[in-house]
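Listing of protein21.txt; format and content: compact mmCIF, C-alpha atoms.
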# COMPACT_ATOMS: atom_id res chain seq x y z
CA MET A 1 163.56 44.37 127.41
CA ALA A 2 162.62 47.08 129.84
CA LEU A 3 164.41 47.70 133.12
CA GLY A 4 161.30 46.59 134.99
CA ASP A 5 161.51 43.14 133.36
CA ASP A 6 165.11 42.72 134.58
CA ILE A 7 164.24 43.65 138.13
CA PHE A 8 160.91 41.93 138.57
CA GLY A 9 161.29 38.96 136.21
CA ILE A 10 158.05 37.24 135.35
CA HIS A 11 156.11 38.79 138.23
CA GLY A 12 155.52 42.17 136.57
CA LYS A 13 153.75 40.58 133.61
CA ALA A 14 151.98 38.12 135.90
CA LEU A 15 150.54 41.01 137.94
CA GLU A 16 149.28 42.74 134.80
CA LEU A 17 147.61 39.57 133.57
CA ARG A 18 146.09 38.88 136.98
CA SER A 19 144.65 42.38 136.99
CA GLN A 20 143.14 41.88 133.53
CA ARG A 21 141.68 38.54 134.59
CA LEU A 22 140.19 40.23 137.69
CA GLY A 23 138.30 42.65 135.45
CA LEU A 24 137.11 39.89 133.16
CA LEU A 25 135.79 37.75 136.02
CA ALA A 26 134.11 40.85 137.47
CA SER A 27 132.40 41.33 134.08
CA ASN A 28 131.13 37.76 134.22
CA ILE A 29 129.73 38.23 137.73
CA ALA A 30 128.16 41.56 136.70
CA ASN A 31 126.35 39.83 133.83
CA ALA A 32 125.12 36.85 135.85
CA ALA A 33 121.49 37.80 135.10
CA THR A 34 121.83 39.05 131.50
CA PRO A 35 120.13 36.70 129.02
CA GLY A 36 122.45 35.51 126.25
CA PHE A 37 125.67 36.68 127.90
CA LYS A 38 128.64 34.38 127.27
CA ALA A 39 131.17 34.17 130.12
CA ARG A 40 134.82 34.62 129.11
CA ASP A 41 138.12 33.94 130.81
CA ILE A 42 141.83 34.17 130.05
CA ASP A 43 143.96 31.03 129.76
CA PHE A 44 146.44 32.48 132.22
CA LYS A 45 149.25 29.93 131.79
CA THR A 46 149.36 30.20 128.00
CA ALA A 47 148.91 33.98 128.04
CA LEU A 48 151.86 34.43 130.42
CA ALA A 49 154.00 32.00 128.41
CA ASP A 50 153.15 33.92 125.21
CA ALA A 51 153.98 37.27 126.78
CA GLU A 52 157.32 35.91 128.01
CA ARG A 53 158.24 34.18 124.77
CA THR A 54 157.21 36.73 122.17
CA GLY A 55 157.72 39.88 124.21
CA GLU A 56 154.27 41.18 123.26
CA THR A 57 152.29 43.27 125.73
CA THR A 58 150.16 41.46 128.28
CA GLY A 59 147.10 43.13 126.73
CA THR A 60 147.76 41.41 123.38
CA ALA A 61 148.63 38.12 125.07
CA ALA A 62 145.41 38.24 127.08
CA GLU A 63 143.36 39.04 123.97
CA ASN A 64 144.90 36.12 122.07
CA ASN A 65 144.10 33.73 124.89
CA LEU A 66 140.57 34.94 125.60
CA LEU A 67 138.29 31.91 125.68
CA TYR A 68 134.58 31.32 126.23
CA ARG A 69 133.62 29.39 129.31
CA VAL A 70 131.98 26.01 128.69
CA PRO A 71 129.03 25.80 131.09
CA LEU A 72 128.58 22.69 133.18
CA GLN A 73 124.83 22.98 132.77
CA PRO A 74 123.57 25.29 130.00
CA SER A 75 120.67 27.56 130.95
CA LEU A 76 117.59 28.21 128.83
CA ASP A 77 118.22 31.93 128.38
CA GLY A 78 121.63 31.36 126.76
CA ASN A 79 123.58 32.81 129.69
CA THR A 80 126.73 30.80 130.43
CA VAL A 81 127.67 32.46 133.73
CA GLU A 82 127.76 29.94 136.56
CA LEU A 83 128.16 31.90 139.75
CA ASN A 84 129.85 29.12 141.74
CA THR A 85 132.54 28.74 139.04
CA GLU A 86 133.03 32.49 138.65
CA GLN A 87 133.20 33.14 142.39
CA THR A 88 135.78 30.37 142.87
CA GLN A 89 137.90 31.65 139.99
CA PHE A 90 137.58 35.22 141.24
CA ALA A 91 138.69 34.30 144.77
CA GLU A 92 141.54 32.17 143.43
CA ASN A 93 142.68 34.97 141.15
CA ALA A 94 142.57 37.49 144.02
CA VAL A 95 144.76 35.24 146.19
CA GLN A 96 147.17 34.73 143.30
CA TYR A 97 147.30 38.48 142.72
CA GLN A 98 148.28 38.95 146.35
CA THR A 99 150.90 36.20 146.04
CA THR A 100 152.43 38.00 143.06
CA LEU A 101 152.37 41.22 145.09
CA SER A 102 154.33 39.57 147.90
CA PHE A 103 156.89 38.25 145.39
CA LEU A 104 157.30 41.80 144.08
CA ASN A 105 157.55 43.15 147.61
CA GLY A 106 160.27 40.62 148.38
CA ARG A 107 162.22 41.66 145.29
CA ILE A 108 161.87 45.34 146.16
CA GLY A 109 163.00 44.60 149.73
CA THR A 110 166.07 42.76 148.46
CA LEU A 111 167.03 45.61 146.15
CA THR A 112 166.45 48.24 148.82
CA ARG A 113 168.71 46.38 151.25
CA ALA A 114 171.37 46.02 148.57
CA LEU A 115 171.21 49.76 147.83
CA ARG A 116 171.49 50.66 151.49
CA GLY A 117 174.43 48.29 151.90
CA GLU A 118 172.99 46.71 155.01
CA MET B 1 130.37 55.16 126.24
CA THR B 2 133.28 57.53 126.54
CA GLN B 3 135.03 56.44 129.74
CA PRO B 4 136.92 53.14 129.56
CA LEU B 5 135.61 50.56 131.98
CA ASN B 6 137.45 49.37 135.06
CA VAL B 7 136.53 46.84 137.73
CA PHE B 8 134.82 49.51 139.83
CA THR B 9 132.58 50.80 137.05
CA VAL B 10 131.76 47.23 136.02
CA ALA B 11 130.62 46.29 139.53
CA GLY B 12 129.06 49.71 140.18
CA ARG B 13 126.87 49.70 137.10
CA ALA B 14 125.87 46.10 137.75
CA MET B 15 124.85 47.15 141.26
CA SER B 16 122.71 49.97 139.83
CA ALA B 17 121.04 47.53 137.46
CA GLN B 18 120.32 45.05 140.24
CA LEU B 19 119.00 47.85 142.45
CA LEU B 20 116.59 48.88 139.70
CA ARG B 21 115.48 45.26 139.45
CA LEU B 22 114.91 45.23 143.20
CA ASN B 23 112.82 48.40 142.85
CA THR B 24 110.63 46.78 140.18
CA ASN B 25 110.19 43.76 142.49
CA ALA B 26 109.13 46.07 145.30
CA SER B 27 106.66 47.92 143.04
CA ASN B 28 105.19 44.65 141.81
CA LEU B 29 104.78 43.28 145.33
CA ALA B 30 103.29 46.53 146.59
CA ASN B 31 100.70 46.49 143.81
CA ALA B 32 99.84 42.82 144.06
CA GLY B 33 96.10 42.40 144.28
CA SER B 34 95.31 46.07 143.63
CA THR B 35 92.04 46.70 141.84
CA ALA B 36 90.95 48.98 139.01
CA THR B 37 87.73 49.82 137.16
CA THR B 38 89.06 48.99 133.66
CA ALA B 39 91.33 46.24 132.36
CA ALA B 40 93.70 48.83 130.92
CA GLY B 41 93.88 50.73 134.18
CA ALA B 42 94.88 47.68 136.22
CA TYR B 43 98.48 47.31 137.35
CA ARG B 44 100.69 44.95 135.36
CA ALA B 45 104.02 43.64 136.64
CA ILE B 46 107.04 45.64 135.43
CA LYS B 47 110.36 44.02 134.51
CA PRO B 48 113.76 45.51 133.66
CA VAL B 49 115.48 44.46 130.41
CA PHE B 50 119.18 43.86 131.04
CA ARG B 51 121.69 44.46 128.28
CA THR B 52 125.43 43.81 128.31
CA SER B 53 127.57 46.87 127.64
CA TYR B 54 130.92 45.91 126.10
CA ASP B 55 134.05 48.00 126.16
CA ASN B 56 136.27 47.09 123.20
CA ALA B 57 139.27 49.01 124.55
CA THR B 58 139.59 46.95 127.72
CA GLY B 59 137.62 43.80 126.85
CA LEU B 60 135.46 44.28 129.94
CA ALA B 61 131.69 44.12 130.00
CA THR B 62 129.12 45.50 132.39
CA VAL B 63 125.34 45.50 132.45
CA ASP B 64 122.79 48.28 131.99
CA VAL B 65 119.03 48.41 132.16
CA GLU B 66 117.94 49.09 128.59
CA ARG B 67 114.33 49.77 129.47
CA VAL B 68 111.58 48.73 131.84
CA VAL B 69 108.66 46.90 130.28
CA SER B 70 105.19 45.99 131.47
CA ALA B 71 105.07 42.24 131.36
CA GLY B 72 103.22 39.45 133.08
CA PRO B 73 99.65 38.27 132.76
CA ALA B 74 96.75 40.65 132.18
CA ALA B 75 94.48 41.61 135.08
CA THR B 76 91.81 39.15 136.10
CA LYS B 77 88.16 40.17 136.14
CA ARG B 78 86.30 39.61 139.39
CA HIS B 79 82.64 40.16 140.09
CA ASP B 80 82.51 42.37 143.16
CA PRO B 81 79.52 44.79 143.07
CA GLY B 82 80.25 46.02 146.59
CA ASN B 83 83.65 47.37 145.57
CA PRO B 84 83.64 51.18 145.11
CA LEU B 85 85.79 50.70 141.99
CA ALA B 86 83.34 48.30 140.33
CA ASN B 87 82.16 49.21 136.82
CA ALA B 88 78.56 49.23 135.56
CA ASP B 89 78.51 45.41 135.38
CA GLY B 90 79.74 45.16 138.97
CA ASP B 91 83.19 43.87 137.93
CA VAL B 92 86.63 44.98 139.11
CA PHE B 93 89.99 44.15 137.51
CA VAL B 94 92.56 42.72 139.90
CA SER B 95 96.25 42.92 139.00
CA ALA B 96 97.71 39.45 138.43
CA VAL B 97 101.13 39.76 140.07
CA ASP B 98 102.80 36.42 140.75
CA GLU B 99 103.92 37.10 144.32
CA THR B 100 105.91 33.86 144.68
CA GLN B 101 107.86 34.60 141.53
CA GLU B 102 108.52 38.16 142.68
CA LEU B 103 109.80 37.00 146.07
CA VAL B 104 112.11 34.43 144.50
CA GLU B 105 113.41 37.04 142.07
CA MET B 106 113.95 39.45 144.96
CA MET B 107 116.16 36.88 146.69
CA GLU B 108 118.13 36.28 143.50
CA THR B 109 118.53 40.02 142.96
CA SER B 110 119.84 40.63 146.46
CA ARG B 111 122.32 37.76 146.12
CA GLN B 112 123.65 39.16 142.87
CA TYR B 113 123.89 42.63 144.36
CA GLN B 114 125.94 41.17 147.22
CA ASN B 115 128.20 39.39 144.73
CA ASN B 116 128.99 42.69 143.07
CA VAL B 117 129.65 44.33 146.42
CA GLU B 118 132.07 41.48 147.16
CA VAL B 119 133.81 42.01 143.82
CA MET B 120 134.20 45.71 144.55
CA ASN B 121 135.57 45.05 148.06
CA THR B 122 138.11 42.54 146.77
CA ALA B 123 139.20 44.88 143.97
CA LYS B 124 139.56 47.72 146.49
CA THR B 125 141.75 45.60 148.79
CA LEU B 126 143.95 44.53 145.89
CA VAL B 127 144.37 48.07 144.57
CA LEU B 128 145.24 49.38 148.03
CA ASP B 129 147.76 46.54 148.48
CA THR B 130 149.31 47.42 145.13
CA LEU B 131 149.65 51.04 146.20
CA LYS B 132 151.58 49.89 149.27
CA LEU B 133 154.08 48.02 147.07
CA GLY B 134 157.62 48.42 148.38
CA LYS B 135 156.60 49.98 151.68

With the file now loaded, output its structure as structure tokens.
Amino acid sequence: MALGDDIFGIHGKALELRSQRLGLLASNIANAATPGFKARDIDFKTALADAERTGETTGTAAENNLLYRVPLQPSLDGNTVELNTEQTQFAENAVQYQTTLSFLNGRIGTLTRALRGE
Amino acid sequence: MTQPLNVFTVAGRAMSAQLLRLNTNASNLANAGSTATTAAGAYRAIKPVFRTSYDNATGLATVDVERVVSAGPAATKRHDPGNPLANADGDVFVSAVDETQELVEMMETSRQYQNNVEVMNTAKTLVLDTLKLGK
């Protein structure tokens, strides 16, 4: 276990996974008009649990939990990107990323105060 | 593809692709109803062919324009002897651009361009916030 894991707990890995999910959702939005493109997403909960339990890197955990999106209404050209779904997920993920950042900031603040002896 | 993809290249290349699509829309609309002497010389609507570009290293995917093709219906023949471009039979060939379809596609293109701009803005904010970590 790295020093970073001791200090930041689950939030370090969570931030990495959030960042990977951000890229994946951006890929889906980028391919909204590409015929035959299949939208993908990470099962965040399971991926984070796997990374915590097995100690594997978040990259491996994300790859193992990479799933295809099931469209609500399939389109004729085989594209499974539904912009309303992707935009909601993207916004949600961005907010969650910022939440994780504030957890990390809080932890850093605590440690800094402890080091200064305030 | 040598450089690994990141969120900014994904959104950036998608924006380029959508911009090219917008350019083809503009060309098609500008040439709607233009006439020519021969059927082959008449303007035919052009369309970009989008292709997903995968990056195995990061699992990300962006979109590129593979090529631009001439698609759409062939020009329609119209009898118009007064037209300076009319051939020996007094016919001209009018380009058959579906203006309604082009306008709808233009709206869709601009929406998708905006989506990618939004993605890039959000990613920028998050990266800048991450840089300020601990400050």

Within 6 Å of chain B: residues of chain A, using all atoms listed in the file, as a ChimeraX atom specification: /A:23-24,27,30-31,34,105,108

Distance query A:Leu111 at most 12 Å, all atoms listed in the file, self and fewer than 6 positions along chain excluded, as a list in words: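 Skipping anything fewer than 6 positions along the chain leaves Ile7, Phe8, Leu104, Asn105, Gly117 and Glu118 of chain A; Gly134 of chain B.
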
Could you write out that same residue set with C-alpha atoms as a tab-separated table (two decimals), in the coordinates of the input?
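What landed in selection_4.tsv:
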chain	number	residue	atom	x	y	z
A	7	ILE	CA	164.24	43.65	138.13
A	8	PHE	CA	160.91	41.93	138.57
A	104	LEU	CA	157.30	41.80	144.08
A	105	ASN	CA	157.55	43.15	147.61
A	117	GLY	CA	174.43	48.29	151.90
A	118	GLU	CA	172.99	46.71	155.01
B	134	GLY	CA	157.62	48.42	148.38

Contact residues around A:Glu63 with all atoms listed in the file at 12 Å, ignoring same-chain residues under 5 positions, as a PyMOL selection string: (chain A and resi 17+20-21+24+40-44+46-48+50-51+56-58+68) or (chain B and resi 56-60)

Separation of atom CA of A:Thr54 from atom CA of B:Pro4 in Å: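 These two atoms are separated by 27.1 Å.
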
Residue among A:Pro71, A:Lys45, A:Asp77, A:Ala26 lying closest to A:Ala14, counting only C-alpha atoms: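 Going through A:Pro71, A:Lys45, A:Asp77, A:Ala26 one by one, the smallest distance to A:Ala14 is for A:Lys45.
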
Computed interatomic separation between atom CA of B:Ala74 and atom CA of B:Ala42 (Å):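 So the answer is 8.3 Å.
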
Residue among B:Asp89, B:Asp98, B:Glu105, B:Asp55 lying closest to B:Arg21, counting all atoms listed in the file: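 Distance minimum relative to B:Arg21 lands on B:Glu105.
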
Atomic distance atom CA of A:Phe103 - atom CA of A:Asn28, expressed in Å with one decimal: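 Interatomic distance, atom CA of A:Phe103 to atom CA of A:Asn28: 28.1 Å.
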
For stretch 93-97 of chain B: contacts at 6 Å, all atoms listed in the file, fewer than 2 positions along chain excluded, given as a list in words: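 Near stretch 93-97 of chain B, the qualifying residues are Ala32, Gly33, Ser34, Thr35, Ala36, Ala39, Ala42, Tyr43, Ala45, Ala75, Thr76, Lys77 and Glu99 of chain B.
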
Restricted to C-alpha atoms, what would the selected residues look like written as a short mmCIF file (atom, residue, chain, number, x, y, z; two decimals), keeping the file's coordinate frame?
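Listing of again.cif after writing:
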data_model
loop_
_atom_site.label_atom_id
_atom_site.label_comp_id
_atom_site.auth_asym_id
_atom_site.auth_seq_id
_atom_site.Cartn_x
_atom_site.Cartn_y
_atom_site.Cartn_z
CA ALA B 32 99.84 42.82 144.06
CA GLY B 33 96.10 42.40 144.28
CA SER B 34 95.31 46.07 143.63
CA THR B 35 92.04 46.70 141.84
CA ALA B 36 90.95 48.98 139.01
CA ALA B 39 91.33 46.24 132.36
CA ALA B 42 94.88 47.68 136.22
CA TYR B 43 98.48 47.31 137.35
CA ALA B 45 104.02 43.64 136.64
CA ALA B 75 94.48 41.61 135.08
CA THR B 76 91.81 39.15 136.10
CA LYS B 77 88.16 40.17 136.14
CA GLU B 99 103.92 37.10 144.32
#

10 Å contact set for A:Glu86, only C-alpha atoms, chain neighbours under 2 positions out, as a list of chain:residue names: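 With the cut-off at 10 Å, the set is A:Leu25, A:Ala26, A:Ser27, A:Asn28, A:Ile29, A:Ala32, A:Ala39, A:Arg40, A:Asp41, A:Arg69, A:Val81, A:Glu82, A:Leu83, A:Asn84, A:Thr88, A:Gln89, A:Phe90, A:Ala91, A:Glu92.
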